[in-house]
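Colleague: Coordinates in query.txt, compact mmCIF, C-alpha atoms, are listed below.
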# COMPACT_ATOMS: atom_id res chain seq x y z
CA MET W 3 -25.70 21.69 10.81
CA LYS W 4 -24.59 24.27 8.27
CA THR W 5 -24.06 22.99 4.75
CA GLU W 6 -20.76 24.88 4.40
CA TRP W 7 -19.30 22.72 7.17
CA ILE W 8 -19.05 19.94 4.63
CA ASN W 9 -16.52 21.89 2.56
CA PRO W 10 -13.38 20.95 4.55
CA PHE W 11 -14.36 17.28 4.20
CA VAL W 12 -14.97 17.61 0.46
CA GLU W 13 -11.60 19.34 0.09
CA SER W 14 -10.00 16.47 2.00
CA VAL W 15 -11.56 13.95 -0.39
CA TYR W 16 -10.13 15.87 -3.35
CA SER W 17 -6.72 16.04 -1.68
CA LEU W 18 -6.76 12.31 -0.86
CA CYS W 19 -7.68 11.41 -4.44
CA SER W 20 -5.11 13.70 -6.05
CA THR W 21 -2.24 12.53 -3.82
CA MET W 22 -2.34 9.05 -2.31
CA LEU W 23 -4.88 7.60 -4.76
CA SER W 24 -3.69 9.43 -7.90
CA CYS W 25 -7.19 9.49 -9.34
CA GLY W 26 -9.49 12.10 -10.76
CA VAL W 27 -12.68 12.78 -8.81
CA GLU W 28 -15.83 14.88 -9.25
CA ARG W 29 -18.47 15.62 -6.70
CA GLY W 30 -22.18 15.34 -7.39
CA GLN W 31 -25.12 17.21 -5.95
CA LEU W 32 -25.47 17.55 -2.19
CA GLY W 33 -28.31 15.56 -0.66
CA LEU W 34 -29.90 15.76 2.79
CA ALA W 35 -31.33 13.08 5.05
CA LYS W 36 -32.74 13.12 8.58
CA GLY W 37 -32.02 10.76 11.46
CA GLN W 38 -31.25 7.16 10.57
CA THR W 39 -29.77 6.36 7.18
CA ALA W 40 -28.94 3.18 5.30
CA ALA W 41 -25.20 2.60 4.88
CA GLY W 42 -25.78 2.54 1.13
CA GLY W 43 -22.52 1.17 -0.26
CA ASP W 44 -21.28 -2.40 0.08
CA ILE W 45 -18.62 -1.16 2.50
CA THR W 46 -18.95 1.87 4.76
CA ALA W 47 -16.18 3.31 6.91
CA LEU W 48 -17.37 5.51 9.79
CA ILE W 49 -15.54 7.69 12.24
CA GLY W 50 -17.06 9.49 15.20
CA LEU W 51 -16.45 13.15 15.99
CA SER W 52 -16.39 14.45 19.54
CA GLY W 53 -15.19 17.44 21.52
CA MET W 54 -16.67 20.77 20.50
CA ALA W 55 -18.29 18.99 17.56
CA ARG W 56 -20.32 15.83 17.86
CA GLY W 57 -21.29 13.65 14.94
CA MET W 58 -20.05 11.21 12.37
CA VAL W 59 -18.27 11.04 9.01
CA ALA W 60 -18.84 8.12 6.66
CA LEU W 61 -17.39 7.02 3.34
CA SER W 62 -19.51 4.43 1.50
CA PHE W 63 -18.18 2.40 -1.40
CA PRO W 64 -19.39 -0.24 -3.80
CA ALA W 65 -17.11 -3.26 -3.32
CA GLY W 66 -15.32 -2.63 -6.61
CA THR W 67 -14.47 0.96 -5.70
CA ALA W 68 -13.21 -0.06 -2.27
CA ARG W 69 -10.94 -2.73 -3.73
CA ALA W 70 -9.65 -0.40 -6.44
CA MET W 71 -8.90 2.39 -3.96
CA VAL W 72 -7.17 0.16 -1.43
CA GLY W 73 -5.21 -1.45 -4.26
CA ARG W 74 -4.11 1.97 -5.48
CA LEU W 75 -3.23 3.04 -1.94
CA LEU W 76 -1.01 -0.02 -1.51
CA SER W 77 0.25 -0.04 -5.11
CA ILE W 78 -0.88 -3.63 -5.53
CA GLY W 79 -3.28 -5.42 -7.86
CA GLU W 80 -6.88 -5.90 -6.73
CA GLU W 81 -6.37 -9.68 -6.83
CA GLU W 82 -3.82 -9.32 -4.02
CA ILE W 83 -6.21 -7.55 -1.68
CA ASP W 84 -7.63 -9.61 1.17
CA GLU W 85 -8.70 -8.44 4.60
CA SER W 86 -6.84 -5.22 3.95
CA VAL W 87 -9.99 -3.78 2.29
CA SER W 88 -11.56 -3.07 5.69
CA ASP W 89 -8.34 -1.68 7.11
CA GLY W 90 -7.81 0.36 3.97
CA VAL W 91 -11.22 2.05 3.88
CA ALA W 92 -10.90 2.70 7.62
CA GLU W 93 -7.68 4.56 6.89
CA LEU W 94 -9.33 6.50 4.06
CA VAL W 95 -12.06 7.87 6.35
CA ASN W 96 -9.44 8.53 9.01
CA ILE W 97 -7.40 10.61 6.56
CA VAL W 98 -10.44 12.51 5.26
CA ALA W 99 -11.73 13.31 8.76
CA GLY W 100 -8.28 13.99 10.18
CA SER W 101 -7.34 16.32 7.36
CA ALA W 102 -10.66 18.20 7.66
CA LYS W 103 -10.29 18.42 11.44
CA ALA W 104 -7.32 20.76 11.09
CA LYS W 105 -9.50 23.18 9.13
CA PHE W 106 -11.81 23.58 12.13
CA SER W 107 -8.87 24.51 14.32
CA ASN W 108 -9.22 27.41 16.73
CA GLY W 109 -5.60 28.35 16.03
CA ASN W 110 -4.23 27.89 19.54
CA GLY W 111 -3.24 24.28 19.17
CA SER W 112 -6.22 22.75 20.95
CA ASP W 113 -8.60 20.60 18.96
CA ILE W 114 -12.18 21.67 18.29
CA ILE W 115 -12.85 18.19 16.94
CA SER W 116 -11.50 14.89 18.23
CA LEU W 117 -11.71 11.72 16.20
CA GLY W 118 -12.70 8.27 17.38
CA LEU W 119 -11.44 5.02 15.94
CA PRO W 120 -12.80 4.10 12.49
CA THR W 121 -15.48 1.41 12.20
CA VAL W 122 -16.25 -0.55 9.02
CA ILE W 123 -19.71 -1.86 8.10
CA HIS W 124 -20.21 -4.48 5.39
CA GLY W 125 -23.61 -4.52 3.67
CA GLY W 126 -25.55 -1.64 2.16
CA SER W 127 -28.81 -2.30 4.03
CA GLN W 128 -27.27 -1.75 7.47
CA ILE W 129 -28.82 1.20 9.27
CA ILE W 130 -26.61 3.89 10.74
CA GLY W 131 -28.49 5.23 13.73
CA CYS W 132 -28.16 8.83 14.86
CA PRO W 133 -30.46 11.06 16.95
CA SER W 134 -33.69 11.75 15.05
CA HIS W 135 -32.98 15.48 14.79
CA SER W 136 -29.65 14.82 13.05
CA THR W 137 -29.24 16.00 9.48
CA TRP W 138 -26.95 14.02 7.19
CA LEU W 139 -25.24 15.77 4.33
CA ASP W 140 -24.61 13.33 1.51
CA VAL W 141 -22.14 14.09 -1.29
CA PRO W 142 -21.85 11.54 -4.09
CA PHE W 143 -18.53 11.38 -5.95
CA SER W 144 -17.52 9.82 -9.24
CA SER W 145 -13.87 8.91 -9.63
CA ASP W 146 -11.50 7.07 -11.96
CA LEU W 147 -11.64 4.21 -9.44
CA GLY W 148 -15.44 4.12 -9.21
CA PRO W 149 -18.27 5.93 -7.41
CA PHE W 150 -18.44 6.49 -3.68
CA SER W 151 -20.16 8.85 -1.27
CA LEU W 152 -19.26 11.04 1.68
CA ARG W 153 -21.82 11.51 4.46
CA ILE W 154 -21.50 13.77 7.42
CA THR W 155 -23.61 14.72 10.38
CA PHE W 156 -22.35 16.91 13.18
CA GLU W 157 -23.14 19.87 15.36
CA LEU W 158 -20.76 22.30 16.99
CA GLU W 159 -21.56 22.70 20.68
CA PRO W 160 -21.36 26.34 21.82
CA THR W 161 -21.03 25.28 25.46
CA LYS W 162 -17.77 23.60 24.53
CA GLY W 163 -16.48 26.51 22.50
CA GLY W 164 -17.96 25.70 19.09
CA ASN W 165 -19.89 28.27 17.09
CA MET V 23 20.04 0.69 6.78
CA LYS V 24 17.11 -0.20 9.05
CA ALA V 25 13.86 1.72 9.61
CA LEU V 26 10.97 1.51 12.06
CA VAL V 27 7.43 2.23 10.85
CA VAL V 28 4.93 3.16 13.55
CA ASP V 29 1.22 3.38 12.73
CA ASP V 30 -1.87 1.72 14.18
CA SER V 31 -3.14 1.09 10.65
CA ALA V 32 -1.61 -1.98 9.00
CA VAL V 33 -2.47 -0.49 5.62
CA MET V 34 -0.58 2.72 6.39
CA ARG V 35 2.38 0.68 7.57
CA LYS V 36 2.36 -1.10 4.20
CA VAL V 37 2.16 2.25 2.39
CA MET V 38 5.15 3.55 4.31
CA ILE V 39 7.10 0.31 3.86
CA GLY V 40 6.56 0.78 0.12
CA ALA V 41 7.87 4.35 0.32
CA LEU V 42 10.93 3.17 2.25
CA ALA V 43 11.60 0.50 -0.38
CA ARG V 44 11.51 3.19 -3.08
CA ALA V 45 14.03 5.12 -0.98
CA GLY V 46 16.25 2.04 -0.90
CA ILE V 47 15.43 0.79 2.61
CA GLU V 48 14.26 -2.83 2.70
CA ASP V 49 14.99 -3.71 6.32
CA VAL V 50 11.91 -2.45 8.16
CA ALA V 51 10.48 -3.21 11.60
CA GLN V 52 6.92 -2.31 12.53
CA ALA V 53 5.14 -1.00 15.63
CA ALA V 54 1.40 -0.41 16.07
CA ASP V 55 1.48 2.26 18.80
CA GLY V 56 3.75 4.59 20.70
CA GLN V 57 4.56 2.14 23.46
CA GLU V 58 5.74 -0.44 20.96
CA ALA V 59 7.79 2.25 19.21
CA VAL V 60 9.60 3.26 22.39
CA ALA V 61 10.27 -0.38 23.24
CA ALA V 62 11.56 -1.07 19.72
CA CYS V 63 13.91 1.92 19.86
CA ASN V 64 15.24 0.75 23.23
CA ALA V 65 15.79 -2.77 21.93
CA ASP V 66 17.27 -2.04 18.52
CA GLU V 67 19.18 0.58 16.56
CA PHE V 68 17.39 2.23 13.64
CA ASN V 69 18.54 4.68 10.99
CA LEU V 70 15.07 6.18 10.63
CA VAL V 71 11.65 6.17 12.32
CA LEU V 72 8.38 7.04 10.54
CA LEU V 73 5.94 7.93 13.30
CA ASP V 74 2.18 8.46 13.25
CA TRP V 75 0.69 10.90 15.78
CA ASN V 76 -2.74 9.51 16.72
CA MET V 77 -2.46 5.97 18.01
CA PRO V 78 -3.90 4.00 20.93
CA ASN V 79 -1.93 3.42 24.15
CA MET V 80 0.63 6.15 23.50
CA LEU V 81 0.48 9.04 21.04
CA GLY V 82 3.28 9.43 18.55
CA ILE V 83 4.27 12.80 20.03
CA ASP V 84 4.66 11.20 23.47
CA ALA V 85 6.63 8.34 21.95
CA LEU V 86 8.92 10.87 20.27
CA LYS V 87 9.51 12.64 23.60
CA ALA V 88 10.24 9.29 25.27
CA ILE V 89 12.64 8.27 22.52
CA ARG V 90 14.54 11.55 22.88
CA ALA V 91 14.43 11.32 26.69
CA ASN V 92 16.11 7.93 26.34
CA GLY V 93 18.97 9.61 24.50
CA LYS V 94 18.14 8.20 21.07
CA LYS V 95 19.22 10.45 18.21
CA VAL V 96 17.56 8.39 15.47
CA PRO V 97 16.03 10.66 12.78
CA VAL V 98 12.23 10.75 13.17
CA ILE V 99 9.71 11.80 10.54
CA MET V 100 6.20 12.44 11.83
CA VAL V 101 3.63 11.14 9.29
CA THR V 102 0.22 12.36 10.36
CA THR V 103 -3.08 14.02 9.49
CA GLU V 104 -2.29 16.64 12.17
CA ALA V 105 -1.84 19.57 9.81
CA GLU V 106 -2.07 22.48 12.22
CA LYS V 107 1.03 24.70 12.38
CA SER V 108 1.08 24.43 16.17
CA ARG V 109 1.30 20.65 15.86
CA VAL V 110 4.23 20.86 13.45
CA ILE V 111 6.05 23.23 15.82
CA GLU V 112 5.29 20.97 18.79
CA ALA V 113 6.75 17.97 16.96
CA LEU V 114 9.87 19.83 15.83
CA LYS V 115 10.43 21.14 19.37
CA ALA V 116 10.08 17.58 20.67
CA GLY V 117 12.84 16.46 18.34
CA ALA V 118 11.20 15.45 15.06
CA ASN V 119 13.54 15.83 12.09
CA ASN V 120 10.83 16.18 9.47
CA TYR V 121 7.05 16.26 9.10
CA VAL V 122 4.76 14.75 6.48
CA ILE V 123 1.04 15.51 6.42
CA LYS V 124 -1.44 12.87 5.27
CA PRO V 125 -2.68 12.66 2.62
CA PHE V 126 0.71 12.82 0.94
CA ASP V 127 2.01 12.43 -2.57
CA PRO V 128 3.78 9.02 -2.71
CA ALA V 129 6.80 10.61 -4.40
CA ALA V 130 6.95 13.42 -1.82
CA ILE V 131 7.39 11.11 1.14
CA VAL V 132 10.25 9.33 -0.61
CA THR V 133 11.91 12.73 -1.07
CA LYS V 134 11.37 13.57 2.61
CA ILE V 135 12.94 10.24 3.62
CA GLN V 136 15.97 10.88 1.42
CA GLU V 137 16.31 14.48 2.65
CA THR V 138 16.11 13.42 6.28
CA LEU V 139 18.69 10.66 5.87
CA ALA V 140 21.02 13.01 3.96
CA LYS V 141 20.85 15.62 6.74
CA ALA V 142 21.43 12.99 9.41
CA SER V 143 24.50 11.50 7.74
Taking this structure as input, can you express it in the form of structure tokens?

Modeller:
Amino acid sequence: MKTEWINPFVESVYSLCSTMLSCGVERGQLGLAKGQTAAGGDITALIGLSGMARGMVALSFPAGTARAMVGRLLSIGEEEIDESVSDGVAELVNIVAGSAKAKFSNGNGSDIISLGLPTVIHGGSQIIGCPSHSTWLDVPFSSDLGPFSLRITFELEPTKGGN
Amino acid sequence: MKALVVDDSAVMRKVMIGALARAGIEDVAQAADGQEAVAACNADEFNLVLLDWNMPNMLGIDALKAIRANGKKVPVIMVTTEAEKSRVIEALKAGANNYVIKPFDPAAIVTKIQETLAKAS
């Protein structure tokens, strides 16, 4: 995995924060991990990538950040948020991955990357399993609504038209 | 004035219901996929449809084609992460009246709703 492949996803996070979440955000230093990784945050939203790219995108949040972001998304107070936290963070990762997907387009209308359905994990000690040779890129963010992190692992498959 | 919001995410449906309320539309029905959207449009008359693209059972683009094939002229705004120009053109050719790319500015979607309704009236 090339580190520059994370850029469309980072740009999507910035776009999400500046539009639907109306919050300032700053990225931290890129980290790397191999194979399995702990979910990290209290709530992690994952979405699988398939097609010419195969891998996974994850957004991990402390509970407070997740509640604040979903509250901002829905324009409601955090005290009003119930089960919509899971649905909300699932939509956040869907927007980040979906928005980034367009930047990997081959220009002829066919998708290089297809997205699966988002999955939400509760509990920071849960292990996200990926093939042992996988490299995770981990970008921590600080925002007005609290810290969170973006993690990505994927490979483009030349046999399917990736490069 | 009655609108239909179509998205498989309940949270996104709430976001769009909020945008419709800011545009002055309080009477809103919901559908969670394309099949439900087509059925709703066959069963009821709407002044506006907000339609996601990627949904289970039936994609929004296929629902749009089905709605038009059924002779429905209801204004449709696609609201989607599908940002590629070819996708926008495909949706407009299929009969979409407007196109909003997620993530969107909350004020911008209200403007798009108002613009679309003004053109349709």

Colleague: May I ask you to extract the residues of chain W within 10 Å of chain V, using only C-alpha atoms, and to give them as a PyMOL selection string?

Modeller: chain W and resi 14-15+17-24+72+75-77+86-94+96-113+117+119

Colleague: Write out the residues from the selection above, keeping C-alpha atoms, as a compact mmCIF listing (two decimals), in the frame of the given file.

Modeller:
# COMPACT_ATOMS: atom_id res chain seq x y z
CA SER W 14 -10.00 16.47 2.00
CA VAL W 15 -11.56 13.95 -0.39
CA SER W 17 -6.72 16.04 -1.68
CA LEU W 18 -6.76 12.31 -0.86
CA CYS W 19 -7.68 11.41 -4.44
CA SER W 20 -5.11 13.70 -6.05
CA THR W 21 -2.24 12.53 -3.82
CA MET W 22 -2.34 9.05 -2.31
CA LEU W 23 -4.88 7.60 -4.76
CA SER W 24 -3.69 9.43 -7.90
CA VAL W 72 -7.17 0.16 -1.43
CA LEU W 75 -3.23 3.04 -1.94
CA LEU W 76 -1.01 -0.02 -1.51
CA SER W 77 0.25 -0.04 -5.11
CA SER W 86 -6.84 -5.22 3.95
CA VAL W 87 -9.99 -3.78 2.29
CA SER W 88 -11.56 -3.07 5.69
CA ASP W 89 -8.34 -1.68 7.11
CA GLY W 90 -7.81 0.36 3.97
CA VAL W 91 -11.22 2.05 3.88
CA ALA W 92 -10.90 2.70 7.62
CA GLU W 93 -7.68 4.56 6.89
CA LEU W 94 -9.33 6.50 4.06
CA ASN W 96 -9.44 8.53 9.01
CA ILE W 97 -7.40 10.61 6.56
CA VAL W 98 -10.44 12.51 5.26
CA ALA W 99 -11.73 13.31 8.76
CA GLY W 100 -8.28 13.99 10.18
CA SER W 101 -7.34 16.32 7.36
CA ALA W 102 -10.66 18.20 7.66
CA LYS W 103 -10.29 18.42 11.44
CA ALA W 104 -7.32 20.76 11.09
CA LYS W 105 -9.50 23.18 9.13
CA PHE W 106 -11.81 23.58 12.13
CA SER W 107 -8.87 24.51 14.32
CA ASN W 108 -9.22 27.41 16.73
CA GLY W 109 -5.60 28.35 16.03
CA ASN W 110 -4.23 27.89 19.54
CA GLY W 111 -3.24 24.28 19.17
CA SER W 112 -6.22 22.75 20.95
CA ASP W 113 -8.60 20.60 18.96
CA LEU W 117 -11.71 11.72 16.20
CA LEU W 119 -11.44 5.02 15.94

Colleague: Could you name the residues that touch Lys134 (chain V) at 12 Å or less, counting all atoms listed in the file, but leaving out those on the same chain fewer than 2 positions away, as an MDAnalysis selection string?

Modeller: chainID V and resid 38 41:42 44:45 70 72 97:101 119:123 126:132 136:141

Colleague: List as number ranges by chain the protein and nucleic acid residues near Leu48 (chain W), meaning an atom at most 8 Å away when all atoms listed in the file are counted, but skip any in the same chain fewer than 6 places from it.

Modeller: W: 58-61, 92, 95, 120-123

Colleague: Deliver the residues from the most recent selection as a file, using C-alpha atoms, as a PDB file, in the coordinates of the input.

Modeller:
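The result, written out as again.pdb:
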ATOM      1  CA  MET W  58     -20.050  11.210  12.370  1.00  0.00           C
ATOM      2  CA  VAL W  59     -18.270  11.040   9.010  1.00  0.00           C
ATOM      3  CA  ALA W  60     -18.840   8.120   6.660  1.00  0.00           C
ATOM      4  CA  LEU W  61     -17.390   7.020   3.340  1.00  0.00           C
ATOM      5  CA  ALA W  92     -10.900   2.700   7.620  1.00  0.00           C
ATOM      6  CA  VAL W  95     -12.060   7.870   6.350  1.00  0.00           C
ATOM      7  CA  PRO W 120     -12.800   4.100  12.490  1.00  0.00           C
ATOM      8  CA  THR W 121     -15.480   1.410  12.200  1.00  0.00           C
ATOM      9  CA  VAL W 122     -16.250  -0.550   9.020  1.00  0.00           C
ATOM     10  CA  ILE W 123     -19.710  -1.860   8.100  1.00  0.00           C
TER      11      ILE W 123
END

Colleague: CA of Gly43 (chain W) to CA of Ile130 (chain W): how many Å, to one decimal?

Modeller: 12.0 Å

Colleague: So that I can check the surroundings of region 83-96 of chain V, please list as a list in words every protein, DNA and RNA residue that reaches within 8 Å of it, counting only C-alpha atoms and ignoring chain neighbours fewer than 4 positions away.

Modeller: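 Surrounding residues, per the criterion: Gly56, Gln57, Ala59, Val60, Cys63, Asn64, Phe68, Asn69, Leu70, Val71, Trp75, Ala113, Ala116, Gly117 and Ala118 of chain V.
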
Colleague: Pull C-alpha atoms from the residues just selected and write them as a PDB file, keeping the file's coordinate frame.

Modeller:
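Output saved as part_1.pdb:
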ATOM      1  CA  GLY V  56       3.750   4.590  20.700  1.00  0.00           C
ATOM      2  CA  GLN V  57       4.560   2.140  23.460  1.00  0.00           C
ATOM      3  CA  ALA V  59       7.790   2.250  19.210  1.00  0.00           C
ATOM      4  CA  VAL V  60       9.600   3.260  22.390  1.00  0.00           C
ATOM      5  CA  CYS V  63      13.910   1.920  19.860  1.00  0.00           C
ATOM      6  CA  ASN V  64      15.240   0.750  23.230  1.00  0.00           C
ATOM      7  CA  PHE V  68      17.390   2.230  13.640  1.00  0.00           C
ATOM      8  CA  ASN V  69      18.540   4.680  10.990  1.00  0.00           C
ATOM      9  CA  LEU V  70      15.070   6.180  10.630  1.00  0.00           C
ATOM     10  CA  VAL V  71      11.650   6.170  12.320  1.00  0.00           C
ATOM     11  CA  TRP V  75       0.690  10.900  15.780  1.00  0.00           C
ATOM     12  CA  ALA V 113       6.750  17.970  16.960  1.00  0.00           C
ATOM     13  CA  ALA V 116      10.080  17.580  20.670  1.00  0.00           C
ATOM     14  CA  GLY V 117      12.840  16.460  18.340  1.00  0.00           C
ATOM     15  CA  ALA V 118      11.200  15.450  15.060  1.00  0.00           C
TER      16      ALA V 118
END

Colleague: Just checking: using only C-alpha atoms, which residue out of W:Ala68, W:Leu32, W:Cys25, W:Ile83 ends up closest to Asn9 (chain W)?

Modeller: W:Leu32

Colleague: Would you work out the distance separating CA of Glu58 (chain V) from CA of Asp74 (chain V), expressed in Å to one decimal?

Modeller: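 Result for CA of Glu58 (chain V) versus CA of Asp74 (chain V): 12.3 Å, one decimal.
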
Colleague: Got a sec: who's within 7 Å of His124 (chain W), counting only C-alpha atoms, leaving out chain neighbours fewer than 2 positions off, as a list in words?

Modeller: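 Close residues of His124 (chain W): Asp44, Ile45, Thr46, Val122 and Gly126 of chain W.
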
Colleague: What is the distance, in Å and to one decimal place, between CA of Val141 (chain W) and CA of Arg69 (chain W)?

Modeller: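 For CA of Val141 (chain W) relative to CA of Arg69 (chain W), the distance reads 20.4 Å.
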
Colleague: Considering all atoms listed in the file, return as a list in words whatever protein or nucleic-acid residues lie within 9 Å of Ser144 (chain W), sequence-local ones (same chain, fewer than 5 positions apart) excluded.

Modeller: Gly26, Val27, Glu28, Arg29, Gly30, Pro149, Phe150 and Ser151 of chain W

Colleague: For Val50 (chain V), which residue among V:Ala65, V:Leu81, V:Met23, V:Ile135 is the nearest when counting all atoms listed in the file?

Modeller: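 Using all atoms listed in the file, the shortest distance to Val50 (chain V) belongs to V:Met23.
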
Colleague: Please put the answer as AutoDock Vina command-line options: centre and edge lengths, in Å with one decimal, of a box along x, y and z that encloses all listed atoms of region 147-152 of chain W plus 5 Å on each side.

Modeller:
--center_x -15.9 --center_y 7.6 --center_z -3.9 --size_x 18.5 --size_y 16.9 --size_z 21.1
